[in-house]
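Inspection log for the structure reproduced underneath, given as structure tokens.
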Amino acid sequence: MSGTRTIEVQLSTTGLAPDGTPQRVPLAVDTAGHLVPVGAALPAVEPDLGGEHMLINIGPQHPATHGVLRLVLELDGETVVRCTPHIGYLHCGFEKIGEYRQYNQIIPWTDREDYLNSIGNNVAFVLSAERLFGIEITPRCTVLRVIAMELSRIISHLVWVGTTAIDIGAFTPFLWAFQERENVYNLLEGWVGARLTTSATRVGGMAADLPDGWLDGLRNFVRTFPRTIDEVDRMLTKNGIWVGRTLGLGAMGAAEAVNHGLSGPMLRASGVAYDVRKDEPYLDYETYDFDVPVGTAGDVYDRYLVRMEELRQSVRILEQAMRRLPDGPVNVDDPRVILPPKHKATSGMESMIHHFKLVMEGPRPPIGECYVPVESPKGEKGYYLVSDGTSKPVRWRIRPPSFVNLSAIPKMVEGHLLSDVIAINASIDIVMGEIDR
Amino acid sequence: MSDARVITAGGALPADAPAPATPRRVPHRGGAENPSVAALRAQFGGAIGRSEVVWGETTAFVARERLLDVVRWLHADPHQRYDYLVDVTAVEFRDAGQPLQVVWHLRSLPHRRFLRLKVELAPEGPLSVPSVVPVYQSADWLEREVYDMFGIGFDGHPDLRRILMWEQYREGHPLRKDFPLRGRFSRSEQLRQALAANPEAHYSMNELTVAEAFGDLPRDVQERLAAGERTGE
């Protein structure tokens with residue numbers, strides 16, 4: 001189009017009301033002249049301009065699809081008419097491989113599936129395996145695992161807020177979030193010796209107890225970390241651009257979200273107060289004092305608010321866990337699953353045979369099956385294990401929360417603009433390693 | 001639904017119901033059975049087979065023909081309200097004589113109940129069960145995955161095609177026990193197929209029906225589409 005156009009801006013300073021108070025900023029005007037969120041300003045039915053629909057492909061090698069997700073979109077102008085996700089580019093057959101591995105040998109595979117939550121997956125897997133073996137873990141191990149899971153949640157949510165902010169156009173929170181994530185990884189490195197692929201748990205216990213002084217590092221992190229949450233909060237929550245790009249997008253109602261099987265922050269943002277830690281507790285979560293944030297609109301903005309509040313609640317849980325961490329053994333006293341101490345295995349005949357049998361043959365659970373759900377940062381994750389009495393599971397099924405959450409994306413993006421697909425996709429918090437497995 | 005804006009888990013329970021707690025010393029077999037199984041037996045009689053409680057979780061075996069009715073009833077009955085489909089999966093045992101099991105994990109958020117439904121499929125019989133997509137939207141991709149990995153059909157599924165493997169994948173269904181861990185074809189055969197693949201095949205037949213793309217397609221793909229082919233197999 002030739003010539004210049006003048007666009008009247010509603011607010012000269014985005015994010016501030018005329019009297020200077022921060023507010024959620026409406027960035028558009030509807031036909032009646034009222035200020036409304038951007039998404040709502042679109043007329044319900046666009047005029048038919050007689051154009052052809054266009055097929056556009058995003059991914060699988062696109063930075064904004066957070067991995068190798070491929071979306072094929074049918075567009076009418078800029079509006080998405082139909083969305084077909086394609087997955088499987090990262091499929092490695094984890095569940096098949098698990099049928100050829102002993103229970104402890106599966107733990108390294110759980111690292112690699114939702115790799116932002118690797119230590120959380122380690123814990124989730126052994127919780128399932130221990131139910132199958134009929135093992136009750138020690139009090140110290142229980143609290144250590146709570147610390148592991150909450151650190152894992154913090155890592156995952158930090159990556160989420162950082163990358164989502166980049167997708168929407170804010171670079172700074174990414175740097176702040178990744179600095180804190182680095183601090184958590186340093187803690188994990190001090191504990192289990194690995195940063196990303198932790199393999200920290202064993203059936204019946206942990207690979208390692210905390211080293212001396214580790215809790216001081218955690219205490220320091222818990223003291224300083226809320227400052228970063230506040231900074232990100234100040235940067236984004238009342239930011240006009242952020243609000244304009246997230247408010248009203250991809251909204252899912254409560255009943256709809258339940259029917260689509262959403263879980264985790266996605267489900268709670270839609271107004272469903274369901275958190276596995278509260279409703280199907282494990283690791284004594286019912287004895288910790290924490291709140292479950294619940295949204296109302298179920299849009300991208302509410303999902304952001306829910307995740308930010310979960311970061312704060314995780315800090316609360318960490319504080320309580322540090323206070324109550326009891327002394328005592330980490331591993332259960334159960335020769336069926338726990339290796340004898342190394343000095344005994346190399347000096348005594350019985351212990352050496354025991355060590356050999358456990359390593360070569362592996363522990364055998366009784367015939368049975370179980371599904372133990374946990375609240376992963378992405379949602380309800382659970383491992384369904386079926387045993388036929390041998391040392392390798394007949395079936396190792398991962399209930400992947402990102403997979404089910406992503407399956408609702410056609411419903412969430414249809415009718416929205418192409419640019420909003422990126423924000424909605426980011427809000428699901430997908431990890432393709434978990435989706436494709 | 002009037003109360004659809006906010007749903008609280010456990011909302012249908014009496015106020016003095018015990019708060020959920022971490023399960024301890026769960027018995028291997030036996031223990032309290034999920035009351036929904038007795039209700040199912042009263043409602044459906046012989047369609048409900050045996051039931052068992054293993055590690056505190058209740059499993060009910062259902063006749064294949066009645067599965068969709070059972071699930072519909074569990075979803076709608078005010079005393080059950082299994083509104084959340086956790087998972088759909090399948091189990092094949094190492095003993096080839098044992099039937100395949102298709103597994104549904106259902107959860108009632110209002111009543112805080114968890115129920116496992118199973119349908120057994122004889123290895124020689126037809127490998128298909130009714131789809132529960134009419135009741136739960138979340139079943140869509142989960143059923144596609146079971147179809148992809150086990151070759152079990154879901155009657156009434158709106159779009160049953162492979163999901164993790166690509167649509168032209170011809171080696172079979174990877175999670176079946178007769179499928180070798182490294183795949184059926186040799187590495188050289190897999191490479192040959194990958195190099196010979198038609199780039200158009202990266203779009204599903206469904207997407208290629210979009211008007212604008214159609215004219216650019218190779219002639220043979222146009223003809224296959226015109227003949228109503230959708231799976232790309």
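Letters A, B, ... mark the chains of the structure tokens in the order given; residue numbers begin at 1 per chain; ligand numbers begin at 1, in order shown.
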
Please return, as a PyMOL selection string, all residues of chain B lying within 8 Å of chain A when only C-alpha atoms are considered. chain B and resi 4-10+20-28+54-55+57+83-87+89+91-94+109+112+136-138+140-142+163-166+174-175+181+207+210-213

Using backbone DSSP assignments, extract all strand (DSSP E) residues from range 50-227 of chain B; output them as a tab-separated table (two decimals) with N, CA, C and O atoms, in the first residue's frame.
```tsv
chain	number	residue	atom	x	y	z
B	50	ARG	N	-13.62	-60.74	35.56
B	50	ARG	CA	-13.03	-60.76	36.88
B	50	ARG	C	-12.47	-59.39	37.21
B	50	ARG	O	-12.25	-58.55	36.33
B	51	SER	N	-12.26	-59.18	38.49
B	51	SER	CA	-11.62	-57.93	38.91
B	51	SER	C	-10.57	-58.30	39.95
B	51	SER	O	-10.67	-59.34	40.61
B	52	GLU	N	-9.54	-57.45	40.06
B	52	GLU	CA	-8.49	-57.75	41.03
B	52	GLU	C	-7.93	-56.46	41.58
B	52	GLU	O	-8.05	-55.40	40.97
B	53	VAL	N	-7.37	-56.55	42.78
B	53	VAL	CA	-6.71	-55.39	43.39
B	53	VAL	C	-5.24	-55.76	43.54
B	53	VAL	O	-4.90	-56.68	44.28
B	54	VAL	N	-4.38	-55.09	42.81
B	54	VAL	CA	-2.95	-55.35	42.86
B	54	VAL	C	-2.25	-54.06	43.26
B	54	VAL	O	-2.47	-53.02	42.63
B	57	GLU	N	-4.37	-50.95	43.47
B	57	GLU	CA	-5.10	-50.42	42.33
B	57	GLU	C	-6.06	-51.48	41.81
B	57	GLU	O	-5.70	-52.64	41.67
B	58	THR	N	-7.29	-51.04	41.52
B	58	THR	CA	-8.32	-51.97	41.10
B	58	THR	C	-8.36	-52.08	39.59
B	58	THR	O	-8.34	-51.07	38.89
B	59	THR	N	-8.41	-53.31	39.12
B	59	THR	CA	-8.51	-53.56	37.69
B	59	THR	C	-9.79	-54.33	37.44
B	59	THR	O	-10.08	-55.29	38.15
B	60	ALA	N	-10.56	-53.90	36.45
B	60	ALA	CA	-11.75	-54.64	36.06
B	60	ALA	C	-11.62	-55.03	34.60
B	60	ALA	O	-11.23	-54.20	33.77
B	61	PHE	N	-11.92	-56.29	34.29
B	61	PHE	CA	-11.87	-56.76	32.91
B	61	PHE	C	-13.26	-56.62	32.31
B	61	PHE	O	-14.26	-56.99	32.92
B	62	VAL	N	-13.30	-56.06	31.12
B	62	VAL	CA	-14.56	-55.72	30.49
B	62	VAL	C	-14.64	-56.46	29.16
B	62	VAL	O	-13.62	-56.64	28.48
B	84	TYR	N	-11.77	-38.01	33.85
B	84	TYR	CA	-10.39	-37.79	33.38
B	84	TYR	C	-9.82	-39.11	32.89
B	84	TYR	O	-9.72	-40.07	33.65
B	85	LEU	N	-9.47	-39.14	31.61
B	85	LEU	CA	-8.80	-40.32	31.07
B	85	LEU	C	-7.31	-40.11	31.21
B	85	LEU	O	-6.73	-39.22	30.60
B	86	VAL	N	-6.68	-40.90	32.06
B	86	VAL	CA	-5.26	-40.71	32.31
B	86	VAL	C	-4.44	-41.27	31.15
B	86	VAL	O	-3.55	-40.62	30.62
B	87	ASP	N	-4.77	-42.48	30.75
B	87	ASP	CA	-3.89	-43.12	29.79
B	87	ASP	C	-4.62	-44.24	29.07
B	87	ASP	O	-5.55	-44.85	29.62
B	88	VAL	N	-4.21	-44.49	27.85
B	88	VAL	CA	-4.63	-45.69	27.13
B	88	VAL	C	-3.35	-46.37	26.69
B	88	VAL	O	-2.47	-45.74	26.13
B	89	THR	N	-3.24	-47.64	26.97
B	89	THR	CA	-2.04	-48.33	26.54
B	89	THR	C	-2.36	-49.81	26.37
B	89	THR	O	-3.52	-50.22	26.48
B	90	ALA	N	-1.38	-50.59	26.07
B	90	ALA	CA	-1.59	-52.02	25.87
B	90	ALA	C	-0.40	-52.78	26.43
B	90	ALA	O	0.67	-52.22	26.60
B	91	VAL	N	-0.64	-54.04	26.75
B	91	VAL	CA	0.41	-54.90	27.30
B	91	VAL	C	0.40	-56.19	26.51
B	91	VAL	O	-0.65	-56.81	26.33
B	100	LEU	N	-3.40	-60.37	24.50
B	100	LEU	CA	-2.99	-58.97	24.62
B	100	LEU	C	-4.00	-58.25	25.51
B	100	LEU	O	-5.19	-58.56	25.50
B	101	GLN	N	-3.50	-57.28	26.26
B	101	GLN	CA	-4.41	-56.49	27.09
B	101	GLN	C	-4.37	-55.04	26.63
B	101	GLN	O	-3.30	-54.48	26.45
B	102	VAL	N	-5.55	-54.48	26.43
B	102	VAL	CA	-5.64	-53.03	26.21
B	102	VAL	C	-6.06	-52.43	27.54
B	102	VAL	O	-6.96	-52.95	28.21
B	103	VAL	N	-5.38	-51.37	27.97
B	103	VAL	CA	-5.54	-50.84	29.32
B	103	VAL	C	-6.02	-49.39	29.26
B	103	VAL	O	-5.47	-48.59	28.51
B	104	TRP	N	-7.05	-49.10	30.03
B	104	TRP	CA	-7.49	-47.71	30.20
B	104	TRP	C	-7.33	-47.33	31.66
B	104	TRP	O	-7.78	-48.06	32.54
B	105	HIS	N	-6.67	-46.22	31.90
B	105	HIS	CA	-6.56	-45.69	33.26
B	105	HIS	C	-7.53	-44.53	33.38
B	105	HIS	O	-7.38	-43.52	32.70
B	106	LEU	N	-8.51	-44.70	34.24
B	106	LEU	CA	-9.53	-43.65	34.41
B	106	LEU	C	-9.42	-43.06	35.80
B	106	LEU	O	-9.11	-43.75	36.77
B	107	ARG	N	-9.70	-41.78	35.88
B	107	ARG	CA	-9.69	-41.13	37.19
B	107	ARG	C	-10.95	-40.31	37.33
B	107	ARG	O	-11.39	-39.64	36.40
B	108	SER	N	-11.54	-40.40	38.51
B	108	SER	CA	-12.66	-39.54	38.84
B	108	SER	C	-12.12	-38.41	39.71
B	108	SER	O	-11.75	-38.64	40.86
B	113	ARG	N	-11.09	-41.22	42.65
B	113	ARG	CA	-10.96	-42.66	42.47
B	113	ARG	C	-10.13	-42.92	41.23
B	113	ARG	O	-10.13	-42.13	40.29
B	114	PHE	N	-9.47	-44.05	41.25
B	114	PHE	CA	-8.66	-44.46	40.11
B	114	PHE	C	-9.07	-45.87	39.73
B	114	PHE	O	-9.18	-46.74	40.59
B	115	LEU	N	-9.33	-46.09	38.47
B	115	LEU	CA	-9.82	-47.39	38.03
B	115	LEU	C	-9.09	-47.79	36.75
B	115	LEU	O	-8.90	-46.97	35.86
B	116	ARG	N	-8.70	-49.05	36.72
B	116	ARG	CA	-8.04	-49.57	35.52
B	116	ARG	C	-9.00	-50.53	34.84
B	116	ARG	O	-9.48	-51.47	35.46
B	117	LEU	N	-9.30	-50.25	33.58
B	117	LEU	CA	-10.13	-51.16	32.80
B	117	LEU	C	-9.24	-51.90	31.83
B	117	LEU	O	-8.29	-51.33	31.30
B	118	LYS	N	-9.57	-53.17	31.62
B	118	LYS	CA	-8.78	-53.93	30.66
B	118	LYS	C	-9.71	-54.71	29.75
B	118	LYS	O	-10.76	-55.19	30.17
B	119	VAL	N	-9.29	-54.82	28.50
B	119	VAL	CA	-9.96	-55.71	27.56
B	119	VAL	C	-8.90	-56.67	27.07
B	119	VAL	O	-7.81	-56.26	26.71
B	120	GLU	N	-9.24	-57.95	27.09
B	120	GLU	CA	-8.28	-58.94	26.62
B	120	GLU	C	-8.60	-59.31	25.18
B	120	GLU	O	-9.76	-59.54	24.82
B	121	LEU	N	-7.57	-59.36	24.35
B	121	LEU	CA	-7.73	-59.71	22.95
B	121	LEU	C	-6.94	-60.97	22.68
B	121	LEU	O	-5.74	-61.02	22.93
B	128	SER	N	-8.93	-55.41	17.67
B	128	SER	CA	-9.54	-54.08	17.68
B	128	SER	C	-10.47	-53.95	18.86
B	128	SER	O	-11.03	-54.94	19.35
B	129	VAL	N	-10.60	-52.73	19.34
B	129	VAL	CA	-11.49	-52.41	20.46
B	129	VAL	C	-12.23	-51.14	20.08
B	129	VAL	O	-11.81	-50.41	19.18
B	130	PRO	N	-13.33	-50.82	20.78
B	130	PRO	CA	-14.02	-49.56	20.47
B	130	PRO	C	-13.18	-48.37	20.91
B	130	PRO	O	-12.47	-48.43	21.90
B	153	GLY	N	-6.48	-51.87	16.46
B	153	GLY	CA	-7.37	-50.88	15.87
B	153	GLY	C	-8.35	-50.33	16.89
B	153	GLY	O	-8.67	-51.00	17.87
B	154	PHE	N	-8.82	-49.13	16.67
B	154	PHE	CA	-9.83	-48.53	17.55
B	154	PHE	C	-11.02	-48.15	16.68
B	154	PHE	O	-10.96	-47.16	15.94
B	155	ASP	N	-12.08	-48.94	16.77
B	155	ASP	CA	-13.25	-48.71	15.92
B	155	ASP	C	-13.92	-47.40	16.31
B	155	ASP	O	-14.23	-47.19	17.48
```

Taking the DSSP assignment computed from this structure's backbone, write out as a PyMOL selection string all residues of range 310-343 of chain A that belong to alpha helix (DSSP H). chain A and resi 310-324+342-343

Output the selection as an mmCIF file, in the first residue's frame - N, CA, C and O atoms for each residue.
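Writing done, so here's result11.cif:
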```cif
data_model
loop_
_atom_site.group_PDB
_atom_site.id
_atom_site.type_symbol
_atom_site.label_atom_id
_atom_site.label_comp_id
_atom_site.auth_asym_id
_atom_site.auth_seq_id
_atom_site.Cartn_x
_atom_site.Cartn_y
_atom_site.Cartn_z
ATOM 1 N N GLU A 310 4.081 -21.292 41.155
ATOM 2 C CA GLU A 310 4.623 -22.603 41.528
ATOM 3 C C GLU A 310 6.102 -22.526 41.871
ATOM 4 O O GLU A 310 6.590 -23.283 42.713
ATOM 5 N N LEU A 311 6.821 -21.619 41.214
ATOM 6 C CA LEU A 311 8.225 -21.423 41.575
ATOM 7 C C LEU A 311 8.321 -21.008 43.043
ATOM 8 O O LEU A 311 9.126 -21.522 43.812
ATOM 9 N N ARG A 312 7.472 -20.049 43.433
ATOM 10 C CA ARG A 312 7.518 -19.579 44.831
ATOM 11 C C ARG A 312 7.152 -20.703 45.791
ATOM 12 O O ARG A 312 7.756 -20.855 46.852
ATOM 13 N N GLN A 313 6.133 -21.497 45.406
ATOM 14 C CA GLN A 313 5.705 -22.581 46.292
ATOM 15 C C GLN A 313 6.783 -23.655 46.403
ATOM 16 O O GLN A 313 6.965 -24.256 47.458
ATOM 17 N N SER A 314 7.520 -23.864 45.329
ATOM 18 C CA SER A 314 8.606 -24.839 45.391
ATOM 19 C C SER A 314 9.666 -24.382 46.387
ATOM 20 O O SER A 314 10.238 -25.204 47.107
ATOM 21 N N VAL A 315 9.914 -23.083 46.411
ATOM 22 C CA VAL A 315 10.879 -22.563 47.386
ATOM 23 C C VAL A 315 10.375 -22.836 48.799
ATOM 24 O O VAL A 315 11.142 -23.255 49.678
ATOM 25 N N ARG A 316 9.078 -22.640 49.014
ATOM 26 C CA ARG A 316 8.518 -22.929 50.344
ATOM 27 C C ARG A 316 8.726 -24.389 50.718
ATOM 28 O O ARG A 316 9.089 -24.706 51.858
ATOM 29 N N ILE A 317 8.472 -25.284 49.762
ATOM 30 C CA ILE A 317 8.624 -26.707 50.063
ATOM 31 C C ILE A 317 10.084 -27.019 50.359
ATOM 32 O O ILE A 317 10.397 -27.781 51.289
ATOM 33 N N LEU A 318 10.991 -26.418 49.604
ATOM 34 C CA LEU A 318 12.418 -26.671 49.831
ATOM 35 C C LEU A 318 12.813 -26.234 51.240
ATOM 36 O O LEU A 318 13.552 -26.938 51.944
ATOM 37 N N GLU A 319 12.320 -25.063 51.668
ATOM 38 C CA GLU A 319 12.651 -24.577 53.017
ATOM 39 C C GLU A 319 12.206 -25.596 54.068
ATOM 40 O O GLU A 319 12.956 -25.938 54.987
ATOM 41 N N GLN A 320 10.955 -26.072 53.910
ATOM 42 C CA GLN A 320 10.450 -27.035 54.900
ATOM 43 C C GLN A 320 11.235 -28.341 54.857
ATOM 44 O O GLN A 320 11.521 -28.944 55.900
ATOM 45 N N ALA A 321 11.581 -28.775 53.638
ATOM 46 C CA ALA A 321 12.296 -30.045 53.520
ATOM 47 C C ALA A 321 13.667 -29.948 54.176
ATOM 48 O O ALA A 321 14.108 -30.881 54.847
ATOM 49 N N MET A 322 14.327 -28.805 54.007
ATOM 50 C CA MET A 322 15.651 -28.654 54.632
ATOM 51 C C MET A 322 15.534 -28.709 56.144
ATOM 52 O O MET A 322 16.384 -29.268 56.823
ATOM 53 N N ARG A 323 14.471 -28.087 56.671
ATOM 54 C CA ARG A 323 14.314 -28.066 58.132
ATOM 55 C C ARG A 323 14.081 -29.451 58.695
ATOM 56 O O ARG A 323 14.520 -29.783 59.782
ATOM 57 N N ARG A 324 13.339 -30.279 57.935
ATOM 58 C CA ARG A 324 12.954 -31.565 58.528
ATOM 59 C C ARG A 324 13.874 -32.713 58.134
ATOM 60 O O ARG A 324 13.645 -33.836 58.561
ATOM 61 N N LYS A 342 30.892 -51.915 49.225
ATOM 62 C CA LYS A 342 31.971 -52.354 48.338
ATOM 63 C C LYS A 342 33.071 -53.096 49.105
ATOM 64 O O LYS A 342 33.590 -54.105 48.624
ATOM 65 N N HIS A 343 33.393 -52.610 50.331
ATOM 66 C CA HIS A 343 34.491 -53.252 51.038
ATOM 67 C C HIS A 343 34.128 -54.679 51.423
ATOM 68 O O HIS A 343 34.975 -55.565 51.493
#
```

Which is closest to Glu33 in chain B among B:Arg162, B:Trp73, B:Arg81, B:Gly56, if we use only C-alpha atoms? B:Gly56

Tell me which protein, DNA and RNA residues are within 8 Å of Ala423 in chain A, counting only C-alpha atoms, leaving out same-chain ones fewer than 2 positions away, and put them as a list in words. Thr164, Asp167, Ile168, Arg245, Thr246, Val300, Ser419, Asp420, Val421, Asn425, Ala426 and Ser427 of chain A

Residues of the last selection are to be written out with C-alpha atoms, as a short mmCIF file (atom, residue, chain, number, x, y, z; two decimals), in the first residue's frame.
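New file again-v4.cif:
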```cif
data_model
loop_
_atom_site.label_atom_id
_atom_site.label_comp_id
_atom_site.auth_asym_id
_atom_site.auth_seq_id
_atom_site.Cartn_x
_atom_site.Cartn_y
_atom_site.Cartn_z
CA THR A 164 8.71 -18.37 26.30
CA ASP A 167 9.49 -16.43 21.79
CA ILE A 168 7.36 -13.45 22.68
CA ARG A 245 0.68 -11.17 23.50
CA THR A 246 -0.65 -13.60 26.10
CA VAL A 300 -1.48 -18.20 28.08
CA SER A 419 1.97 -15.23 15.37
CA ASP A 420 -0.10 -16.32 18.36
CA VAL A 421 0.52 -19.97 17.53
CA ASN A 425 2.72 -23.51 21.65
CA ALA A 426 5.25 -22.10 24.09
CA SER A 427 2.65 -21.99 26.87
#
```

How many Å lie between CA of Arg153 in chain A and CA of Arg307 in chain A, rounded to one decimal?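 Distance reported for this atom pair: 9.8 Å.
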
What is the CA of Ala63 in chain B to CA of Pro99 in chain B distance in Å? 13.3 Å

Using CA of Asp111 in chain A and CA of Phe125 in chain A as the two end points, give the distance in Å to one decimal.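 Going from CA of Asp111 in chain A over to CA of Phe125 in chain A covers 10.1 Å.
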